[in-house]
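Pasted below: my_file-v4.txt, compact mmCIF, C-alpha atoms.
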# COMPACT_ATOMS: atom_id res chain seq x y z
CA MET A 12 -260.72 89.92 -61.75
CA THR A 13 -258.70 86.70 -61.42
CA ARG A 14 -255.00 87.04 -62.14
CA ARG A 15 -252.74 84.28 -63.52
CA LEU A 16 -249.49 83.33 -61.81
CA GLN A 17 -246.57 83.73 -64.19
CA PRO A 18 -243.54 81.38 -64.24
CA GLY A 19 -240.72 82.62 -62.02
CA LYS A 20 -240.09 83.12 -58.32
CA LEU A 21 -242.87 82.62 -55.79
CA VAL A 22 -242.30 83.06 -52.08
CA ILE A 23 -243.65 80.22 -49.94
CA ALA A 24 -244.63 82.12 -46.80
CA SER A 25 -243.71 79.39 -44.34
CA HIS A 26 -240.87 78.29 -42.09
CA ASN A 27 -242.25 74.73 -41.87
CA LYS A 28 -239.85 72.53 -43.86
CA GLY A 29 -242.41 69.75 -44.40
CA LYS A 30 -245.00 72.17 -45.71
CA ILE A 31 -242.46 73.93 -47.98
CA ARG A 32 -241.32 70.59 -49.42
CA GLU A 33 -244.91 69.51 -50.11
CA ILE A 34 -245.86 72.82 -51.79
CA ALA A 35 -242.64 72.85 -53.85
CA GLU A 36 -243.46 69.33 -55.13
CA LEU A 37 -247.00 70.40 -56.06
CA LEU A 38 -245.64 73.48 -57.90
CA GLY A 39 -242.93 71.50 -59.72
CA PRO A 40 -244.71 71.04 -63.08
CA TYR A 41 -245.70 74.71 -63.51
CA GLY A 42 -242.40 76.53 -64.05
CA ILE A 43 -242.66 78.19 -60.65
CA GLU A 44 -239.45 78.65 -58.64
CA PRO A 45 -240.41 78.36 -54.95
CA VAL A 46 -238.35 80.39 -52.46
CA SER A 47 -239.10 79.92 -48.78
CA ALA A 48 -239.71 82.79 -46.36
CA ALA A 49 -236.91 81.31 -44.24
CA ASP A 50 -234.45 81.58 -47.18
CA LEU A 51 -235.35 85.27 -47.52
CA ASP A 52 -235.15 85.82 -43.75
CA LEU A 53 -238.76 86.99 -43.62
CA PRO A 54 -240.43 87.06 -40.20
CA GLU A 55 -243.28 84.75 -39.21
CA PRO A 56 -246.30 86.95 -38.48
CA GLU A 57 -248.56 86.32 -35.52
CA GLU A 58 -251.62 84.41 -36.75
CA THR A 59 -254.42 86.61 -35.46
CA GLY A 60 -257.17 85.56 -37.89
CA ASN A 61 -260.35 83.71 -36.92
CA THR A 62 -260.30 81.30 -39.89
CA PHE A 63 -257.72 79.37 -41.91
CA ILE A 64 -258.26 81.77 -44.85
CA ASP A 65 -257.76 84.83 -42.61
CA ASN A 66 -254.39 83.50 -41.48
CA ALA A 67 -253.27 82.39 -44.95
CA GLU A 68 -254.09 85.84 -46.36
CA LEU A 69 -252.28 87.60 -43.52
CA LYS A 70 -249.10 85.53 -44.13
CA ALA A 71 -249.25 85.89 -47.93
CA ARG A 72 -249.74 89.66 -47.79
CA LEU A 73 -246.80 90.19 -45.44
CA ALA A 74 -244.45 88.01 -47.51
CA ALA A 75 -245.45 89.76 -50.76
CA ASP A 76 -245.03 93.21 -49.17
CA LEU A 77 -241.59 92.43 -47.75
CA SER A 78 -240.19 90.49 -50.71
CA GLY A 79 -241.69 92.42 -53.64
CA LEU A 80 -242.60 89.02 -55.16
CA PRO A 81 -245.87 87.09 -55.38
CA ALA A 82 -246.27 84.95 -52.26
CA LEU A 83 -248.20 81.79 -51.47
CA ALA A 84 -249.23 81.06 -47.90
CA ASP A 85 -250.88 78.00 -46.45
CA ASP A 86 -252.81 77.77 -43.23
CA SER A 87 -253.98 74.33 -42.36
CA GLY A 88 -254.97 72.25 -39.41
CA LEU A 89 -256.76 69.31 -37.91
CA CYS A 90 -260.41 69.67 -36.87
CA VAL A 91 -261.77 66.95 -34.56
CA ASP A 92 -265.54 66.54 -34.43
CA ALA A 93 -265.58 65.31 -30.81
CA LEU A 94 -263.54 68.38 -29.77
CA GLU A 95 -265.92 70.80 -31.54
CA GLY A 96 -263.41 71.46 -34.30
CA LYS A 97 -260.32 71.87 -32.14
CA PRO A 98 -257.37 72.21 -32.49
CA GLY A 99 -258.39 73.90 -35.79
CA ILE A 100 -256.55 77.15 -36.41
CA PHE A 101 -254.51 76.46 -33.25
CA SER A 102 -253.13 73.15 -34.61
CA ALA A 103 -249.50 74.32 -34.70
CA ARG A 104 -249.78 75.99 -31.29
CA TRP A 105 -250.80 72.68 -29.69
CA ALA A 106 -247.29 71.49 -30.61
CA GLY A 107 -245.77 74.12 -28.30
CA GLU A 108 -242.72 76.33 -28.70
CA THR A 109 -240.62 73.40 -29.92
CA LYS A 110 -243.20 72.45 -32.61
CA ASP A 111 -243.20 68.90 -31.27
CA PHE A 112 -246.22 67.21 -32.84
CA THR A 113 -245.85 64.09 -30.67
CA ILE A 114 -247.01 66.42 -27.85
CA ALA A 115 -249.85 67.78 -30.01
CA MET A 116 -251.05 64.31 -31.05
CA ALA A 117 -250.98 63.13 -27.44
CA ARG A 118 -253.01 66.17 -26.39
CA VAL A 119 -255.65 65.43 -29.05
CA ASN A 120 -255.84 61.81 -27.90
CA ASP A 121 -256.01 62.79 -24.20
CA GLU A 122 -258.79 65.33 -24.79
CA MET A 123 -260.74 62.76 -26.81
CA ALA A 124 -260.36 60.22 -24.00
CA ASP A 125 -262.34 62.60 -21.77
CA LYS A 126 -265.31 62.43 -24.16
CA GLU A 127 -268.04 59.81 -24.25
CA PRO A 128 -267.14 56.79 -26.44
CA GLU A 129 -270.01 57.61 -28.80
CA ALA A 130 -268.35 60.95 -29.59
CA GLY A 131 -266.42 59.02 -32.26
CA ARG A 132 -263.05 59.66 -33.86
CA ASP A 133 -264.12 61.56 -36.98
CA ALA A 134 -261.84 64.40 -38.04
CA HIS A 135 -260.88 66.41 -41.09
CA PHE A 136 -257.95 68.46 -42.27
CA ILE A 137 -258.55 71.90 -43.78
CA CYS A 138 -256.03 73.75 -45.94
CA ALA A 139 -256.39 77.37 -47.02
CA LEU A 140 -254.04 78.63 -49.73
CA SER A 141 -253.69 82.34 -50.46
CA VAL A 142 -251.63 84.00 -53.16
CA ALA A 143 -250.83 87.69 -52.71
CA TRP A 144 -249.10 90.04 -55.13
CA PRO A 145 -247.04 93.08 -54.04
CA ASP A 146 -249.77 95.43 -55.36
CA GLY A 147 -252.29 93.92 -52.91
CA HIS A 148 -254.19 91.57 -55.26
CA LEU A 149 -255.21 88.39 -53.45
CA GLU A 150 -256.69 84.99 -54.39
CA SER A 151 -257.68 82.33 -51.81
CA PHE A 152 -258.76 78.67 -52.00
CA GLU A 153 -259.78 76.05 -49.42
CA GLY A 154 -259.47 72.25 -49.48
CA ARG A 155 -260.59 69.48 -47.14
CA VAL A 156 -260.06 65.77 -46.53
CA ASP A 157 -262.12 63.66 -44.11
CA GLY A 158 -260.92 60.74 -42.05
CA THR A 159 -260.68 59.13 -38.63
CA LEU A 160 -258.06 59.37 -35.90
CA VAL A 161 -255.98 56.37 -34.86
CA TRP A 162 -253.96 55.73 -31.72
CA PRO A 163 -251.10 55.08 -31.38
CA PRO A 164 -249.78 57.16 -34.32
CA ARG A 165 -248.49 55.16 -37.30
CA GLY A 166 -245.75 56.01 -39.78
CA ASP A 167 -242.88 58.47 -39.95
CA ARG A 168 -243.68 60.11 -43.29
CA GLY A 169 -245.49 63.39 -43.66
CA PHE A 170 -245.48 65.88 -40.79
CA GLY A 171 -247.70 67.39 -38.13
CA TYR A 172 -250.71 65.22 -37.25
CA ASP A 173 -250.26 62.94 -40.29
CA PRO A 174 -249.38 59.77 -38.30
CA MET A 175 -252.72 59.81 -36.44
CA PHE A 176 -254.97 60.62 -39.43
CA GLU A 177 -256.37 57.85 -41.62
CA PRO A 178 -258.27 59.28 -44.61
CA ILE A 179 -261.62 57.70 -45.45
CA GLY A 180 -261.29 54.74 -47.81
CA HIS A 181 -257.59 54.16 -47.12
CA PRO A 182 -255.98 51.64 -44.73
CA LEU A 183 -252.87 53.79 -44.17
CA THR A 184 -252.39 57.00 -42.21
CA PHE A 185 -250.90 60.04 -43.95
CA GLY A 186 -247.78 59.20 -41.91
CA GLU A 187 -247.53 55.80 -43.62
CA MET A 188 -248.44 56.81 -47.18
CA ASP A 189 -246.06 57.32 -50.05
CA PRO A 190 -245.89 61.12 -50.53
CA ALA A 191 -247.28 60.84 -54.08
CA ASP A 192 -250.33 58.96 -52.77
CA LYS A 193 -250.88 61.58 -50.07
CA HIS A 194 -250.54 64.40 -52.62
CA ALA A 195 -253.32 62.82 -54.67
CA ILE A 196 -255.92 63.04 -51.89
CA SER A 197 -254.80 65.50 -49.21
CA HIS A 198 -256.49 68.73 -48.12
CA ARG A 199 -253.51 70.63 -49.53
CA ALA A 200 -253.88 68.85 -52.88
CA ASP A 201 -257.62 69.67 -52.91
CA ALA A 202 -256.93 73.38 -52.34
CA PHE A 203 -254.03 73.25 -54.79
CA ARG A 204 -256.22 71.78 -57.56
CA LYS A 205 -258.56 74.76 -57.15
CA LEU A 206 -255.60 77.16 -57.24
CA VAL A 207 -254.16 75.57 -60.38
CA ALA A 208 -257.53 75.64 -62.17
CA THR A 209 -257.85 79.36 -61.45
CA LEU A 210 -254.31 80.79 -61.47
CA LEU A 211 -252.10 78.53 -63.64
In C-alpha cells, what does this structure look like?
Amino acid sequence: MTRRLQPGKLVIASHNKGKIREIAELLGPYGIEPVSAADLDLPEPEETGNTFIDNAELKARLAADLSGLPALADDSGLCVDALEGKPGIFSARWAGETKDFTIAMARVNDEMADKEPEAGRDAHFICALSVAWPDGHLESFEGRVDGTLVWPPRGDRGFGYDPMFEPIGHPLTFGEMDPADKHAISHRADAFRKLVATLL
C-alpha cells in the first residue's frame, strides 16, 4: 500500500551538491526539511544495480537504515542513442575520480565522433527517485526528458552533462536555462511530479 510522506526531515541520499540543491528546491513547497547524506556523514554506497531504479533504491535504503529517517535517493544519467544508451547508469563514473564532467562530456563527444554521421545526436536523461523508510517500505518513480547533444557545451548553470543537452523544443541547453525553467521540464521534475502525486 502507498504511504504518504509526512512533513519533517527527509534525508537526501546524495553527496552531489547540484543534485541536493535541485531536490531541495523541488521539495520546498511541501513542508519537507531536506538533510543531505553529507551533512549526516553517511557513506556513499557502491552503485551495483543494473538499472537507475536499482541504484536509487539501494542508496535510499542505506540512508534510511543508517539515519532512522525517511530517505530520498536519485539515480540519473544521460543515455545516448548512438552509444547504445551509454553512459547510462555509469554517467557519474565517466567523470572520473574527480567528478569532472568536462572530461565526461568530452568522452561522450569523442565516442560519438567514432560513429557514422547518420547515427545522430539524440539522447535522453533518465531520473529514478526512490523513497525508503526505516522499516523497509519503498516507493520508486522514473522520469525522462528527450533532447539532442550539442558541441561545444554551452552555459554554466546546472551540473553534470547539462551544458551539452538541449531538450526538444527549446533553443537553450540545460546549462543555459534559468533553473526554474529547467525544473519545469527536466527528467528529475518528471519523476518528482509522479512522486508528489503519489506521496505528498
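You can rank A:Glu127, A:Phe203, A:Ala117, A:Asp111 by their closest distance to Val161 of chain A using all atoms listed in the file, and at the top of that list sits A:Ala117.
One finds atom CA of Gly88 of chain A at 5.2 Å from atom CA of Ser102 of chain A.
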Using all atoms listed in the file, the shortest atom-to-atom distance to Thr13 of chain A among A:His148, A:Arg118, A:Arg32, A:Lys97 belongs to A:His148
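If you measure from each of A:Leu89, A:Ile100, A:Val119, A:Ile23 to Val156 of chain A using all atoms listed in the file, the closest one turns out to be A:Leu89.
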Near-Glu36 of chain A list (10 Å; all atoms listed in the file; drop same-chain fewer than 3 positions) as a PyMOL selection string
chain A and resi 30-33+39-40+45+190-191+194
Straight-line distance linking atom CA of Gly29 of chain A with atom CA of Arg14 of chain A, stated in Å to one decimal:
27.8 Å
Close residues, Ile196 of chain A itself excluded, 10 Å, all atoms listed in the file, min 6 positions apart in chain, as a ChimeraX atom specification
/A:155-157,178,185
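Between Gly96 of chain A and the residues A:Glu187, A:Glu68, A:Glu108, A:Asp133, the shortest atom-to-atom distance, using only C-alpha atoms, involves A:Asp133.
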Tell me, as JSON, numbers by chain, which residues lie within 10 Å of Lys70 of chain A, counting all atoms listed in the file; anything in the same chain fewer than 6 positions away does not count.
{"A": [23, 24, 25, 54, 55, 56, 57, 58, 64, 82, 83, 84, 85, 86, 141, 142, 143]}
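You will find atom CA of Gly42 of chain A at 26.6 Å from atom CA of Met188 of chain A.
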Exercise: Glu44 of chain A partners within 9 Å, all atoms listed in the file, chain neighbours under 4 positions left out, as number ranges by chain
A: 18-22, 35, 38-39
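Near Met12 of chain A, within 12 Å and counting only C-alpha atoms, sit Arg15, His148, Leu149, Glu150, Thr209 and Leu210 of chain A, not including residues fewer than 3 positions from it in the same chain.
Remark: for Ser78 of chain A, the closest of the candidate residues A:Val46, A:Phe101, A:His135, A:Ala93 is A:Val46 (distances computed over only C-alpha atoms).
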Restricting to all atoms listed in the file, whichever of A:Ser87, A:Asn120, A:Gln17, A:Thr184 is closest to Gly166 of chain A is A:Thr184
